[in-house]
Amino acid sequence: MQPVAAMTKRLFIKTYGCQMNVYDSARMAELMAPLGYAPAETANGADLVILNTCHIREKAAEKVYSELGTIRRLKRAKERLGGRMVVAVAGCVAQAEGAEIIARAPVVDIVFGPQAYHRLTEMVARATRAGGAVLDTSFPAEPKFDHLPQRAADAPVSALLTIQEGCDKFCTFCVVPYTRGAEFSRPAAEIVAEAALLIAAGAREITLLGQNVNAYHGAAPPDKAGAGGEWGLGKLIGALADLPGLERIRYTTSHPCDVDDDLIAAHKNIGALMPFLHLPVQSGSDRMLAAMNRRHTADDYRRTVVRLRHARPDLALSSDFIVGFPGETETEFRKTVDLVEEIGFAQAFSFKYSPRPGTPAAAAGDQVPEVIKSERLAELQALLRRQQRDFNEASVGRVLPVLFERPGRHPGQLVGRSPYLQSIHAAADDMIGSVVPVRIGAVEGSSLAGTVVADRGIPA
């Protein structure tokens, strides 16, 4: 066993963007722990600062440079006291910007992409010993997961587990294929083993992550005859559901083209798979979907939703929407509104189109004026908020199984999630990690308030 250094150094990681970045940040912390790095709440006084970035949102790079201005002052303050702060920029902005970050922000010691963080300890050592900036935005031939340590001894009640990375879809608005690379699926046995470690460390719910998670096609464990093959996501979920102690399974983010029969069957037959699905559609216009290279039509999406709801009638949906994509007319925007009204969503994320350098849509003509994009987004978001409110209000009076995850804002209060990913708080003690029946009494903003009921004969 590798000796563990005394925890004398402080590591601060600021995580931007998606849940996969949250997972990656946790693995970075696990990599550095044997070298004596303990988590820090702020960058002030830290020995190693990592900005784990996301390139999806508008002006993502500029937000990172702004943050680096603050870090520069903290680094100089530490140097005046005779210390050393190593500053790293990781994630998708690092992958996209590369050496430009070092040129614009000399405070940065290390720049590395999302496929290179398994070499973090080596990069920190190089930056500390030799000085000068370290740059690693390569896509290694060997899977990074083969070089990561076992999971830490403590896991959150609701844990994240990356099973798939990259994307081969090449939507014209998206940078993921360029920053995360081609699709890669981890072997099923490796995922099941990591899930078992998370459960042993306290996890009761696991969310499976991937840029295109339902395109998962990992190597299957060999059977008794030594034969292999591949598992899809539905088969993997079935194997995970058999692990003792795992109450709930979720997955995100999905593509409509990869919802296959096995996955639909999993929603019907596997009780641990929660009845909540994030399934981005982006637009209700077929012409816009084609321009986005989404590879499905609005009716394809409708048919998929019908099949899912037939398999699991109480299924709640979330989605992503882009308004003001290049060339979008008012008529095409109306088709998106019509689709939202027809299907109904419990949650959703909606954005104005903003160009991402290097993507095909960024060079497209007929960009929609900003004022029109803002008007369309305001209308769509008002509709989506109304649908979310209606969904939550329909829960009032119901008894829902709630997995309590953490203390609430008030003494004696706990916060957890319903099967439909609603945030619910209730007066409760010593129930973190337990699935508890809660009667919903009121909607409070985007969350629900409830009361624990005595009868616990309710499924997870």
# chains A, B, ... in the order shown; residues from 1 in each chain; ligands from 1
$ residues_around --residues "Gly397 in chain A" --least-positions-apart "2" --cutoff "8 Å" --atoms "only C-alpha atoms" --output "PyMOL selection string"
chain A and resi 395+399+439-441
$ write_last_selection --atoms "N, CA and C atoms" --output "PDB file, in the first residue's frame"
ATOM      1  N   SER A 395     -47.847  17.573  -6.420  1.00  0.00           N
ATOM      2  CA  SER A 395     -47.293  16.694  -5.385  1.00  0.00           C
ATOM      3  C   SER A 395     -47.863  17.000  -4.005  1.00  0.00           C
ATOM      4  N   VAL A 399     -47.746  11.397  -0.547  1.00  0.00           N
ATOM      5  CA  VAL A 399     -46.633  10.887   0.253  1.00  0.00           C
ATOM      6  C   VAL A 399     -45.576  10.370  -0.716  1.00  0.00           C
ATOM      7  N   ARG A 439     -44.964  13.370   3.609  1.00  0.00           N
ATOM      8  CA  ARG A 439     -46.185  13.951   3.060  1.00  0.00           C
ATOM      9  C   ARG A 439     -45.904  15.401   2.666  1.00  0.00           C
ATOM     10  N   ILE A 440     -46.148  15.726   1.405  1.00  0.00           N
ATOM     11  CA  ILE A 440     -45.840  17.051   0.893  1.00  0.00           C
ATOM     12  C   ILE A 440     -46.939  18.023   1.311  1.00  0.00           C
ATOM     13  N   GLY A 441     -46.520  19.117   1.948  1.00  0.00           N
ATOM     14  CA  GLY A 441     -47.493  20.076   2.453  1.00  0.00           C
ATOM     15  C   GLY A 441     -47.566  21.365   1.674  1.00  0.00           C
TER      16      GLY A 441
END
$ select_by_dssp --residues "range 251-352 of chain A" --states "alpha helix (DSSP H)" --output "ChimeraX atom specification"
/A:261-269,286-291,298-311,330-343
$ atom_distance --atom1 "CA of Ile191 in chain A" --atom2 "CA of Met28 in chain A"
18.1 Å
$ residues_around --residues "range 310-319 of chain A" --least-positions-apart "5" --cutoff "12 Å" --atoms "only C-alpha atoms" --output "ChimeraX atom specification"
/A:252-256,261-271,273-284,301,303-305,336,339-340,343-351,384-385,387-388,391-392,418-422
$ residues_around --residues "Glu393 in chain A" --least-positions-apart "3" --cutoff "8 Å" --atoms "only C-alpha atoms" --output "JSON list (two decimals) with N, CA and C atoms, in the first residue's frame"
[["chain", "number", "residue", "atom", "x", "y", "z"],
["A", 389, "ARG", "N", -43.89, 24.52, -11.83],
["A", 389, "ARG", "CA", -44.73, 24.84, -10.68],
["A", 389, "ARG", "C", -45.96, 23.92, -10.63],
["A", 390, "ASP", "N", -46.58, 23.69, -11.78],
["A", 390, "ASP", "CA", -47.75, 22.81, -11.82],
["A", 390, "ASP", "C", -47.38, 21.39, -11.40],
["A", 396, "VAL", "N", -48.46, 18.16, -3.82],
["A", 396, "VAL", "CA", -48.99, 18.55, -2.51],
["A", 396, "VAL", "C", -50.10, 17.57, -2.10],
["A", 442, "ALA", "N", -46.45, 21.75, 1.03],
["A", 442, "ALA", "CA", -46.46, 23.05, 0.36],
["A", 442, "ALA", "C", -45.32, 23.13, -0.65],
["A", 443, "VAL", "N", -45.52, 23.99, -1.63],
["A", 443, "VAL", "CA", -44.47, 24.33, -2.58],
["A", 443, "VAL", "C", -43.85, 25.64, -2.12]]
$ select_by_dssp --residues "range 167-211 of chain A" --states "strand (DSSP E)" --output "PyMOL selection string"
chain A and resi 184-185+205-209
$ write_last_selection --atoms "C-alpha atoms" --output "short mmCIF file (atom, residue, chain, number, x, y, z; two decimals), in the first residue's frame"
data_model
loop_
_atom_site.label_atom_id
_atom_site.label_comp_id
_atom_site.auth_asym_id
_atom_site.auth_seq_id
_atom_site.Cartn_x
_atom_site.Cartn_y
_atom_site.Cartn_z
CA PHE A 184 -15.36 6.09 -24.78
CA SER A 185 -17.25 3.65 -22.55
CA GLU A 205 -27.97 6.73 -4.83
CA ILE A 206 -25.67 6.73 -7.85
CA THR A 207 -26.04 8.97 -10.88
CA LEU A 208 -24.34 7.55 -13.96
CA LEU A 209 -22.64 10.26 -16.00
#
$ closest_residue --among "A:Thr297, A:Thr162, A:Gln413, A:Thr329" --to "Ile372 in chain A" --atoms "only C-alpha atoms"
A:Thr329
$ atom_distance --atom1 "CA of Val415 in chain A" --atom2 "CA of Ala203 in chain A"
15.7 Å
$ closest_residue --among "A:Cys54, A:Ala394, A:Glu62, A:Val157" --to "Pro407 in chain A" --atoms "only C-alpha atoms"
A:Val157
$ closest_residue --among "A:Val86, A:Val371, A:Ala449, A:Leu403" --to "His425 in chain A" --atoms "only C-alpha atoms"
A:Ala449
$ residues_around --residues "Arg76 in chain A" --least-positions-apart "6" --cutoff "10 Å" --atoms "only C-alpha atoms" --output "list in words"
Gly82, Gly83, Arg84, Met85 and Val107 of chain A
$ closest_residue --among "A:Arg186, A:Lys352, A:Arg204, A:Arg307" --to "Leu236 in chain A" --atoms "only C-alpha atoms"
A:Arg186
$ closest_residue --among "A:Lys169, A:Arg126, A:Arg180, A:Arg10" --to "His296 in chain A" --atoms "only C-alpha atoms"
A:Lys169
$ atom_distance --atom1 "CA of Tyr216 in chain A" --atom2 "CA of Leu120 in chain A"
26.6 Å
$ residues_around --residues "Ala196 in chain A" --least-positions-apart "5" --cutoff "9 Å" --atoms "only C-alpha atoms" --output "short mmCIF file (atom, residue, chain, number, x, y, z; two decimals) with C-alpha atoms, in the first residue's frame"
data_model
loop_
_atom_site.label_atom_id
_atom_site.label_comp_id
_atom_site.auth_asym_id
_atom_site.auth_seq_id
_atom_site.Cartn_x
_atom_site.Cartn_y
_atom_site.Cartn_z
CA ILE A 191 -18.07 0.45 -13.22
CA ALA A 201 -18.46 4.25 1.58
CA LEU A 240 -26.01 -2.13 -10.63
CA LEU A 243 -25.79 -4.43 -5.70
CA PRO A 244 -26.87 -4.63 -2.03
CA GLY A 245 -27.40 -1.26 -0.42
CA LEU A 246 -28.03 0.72 -3.60
#
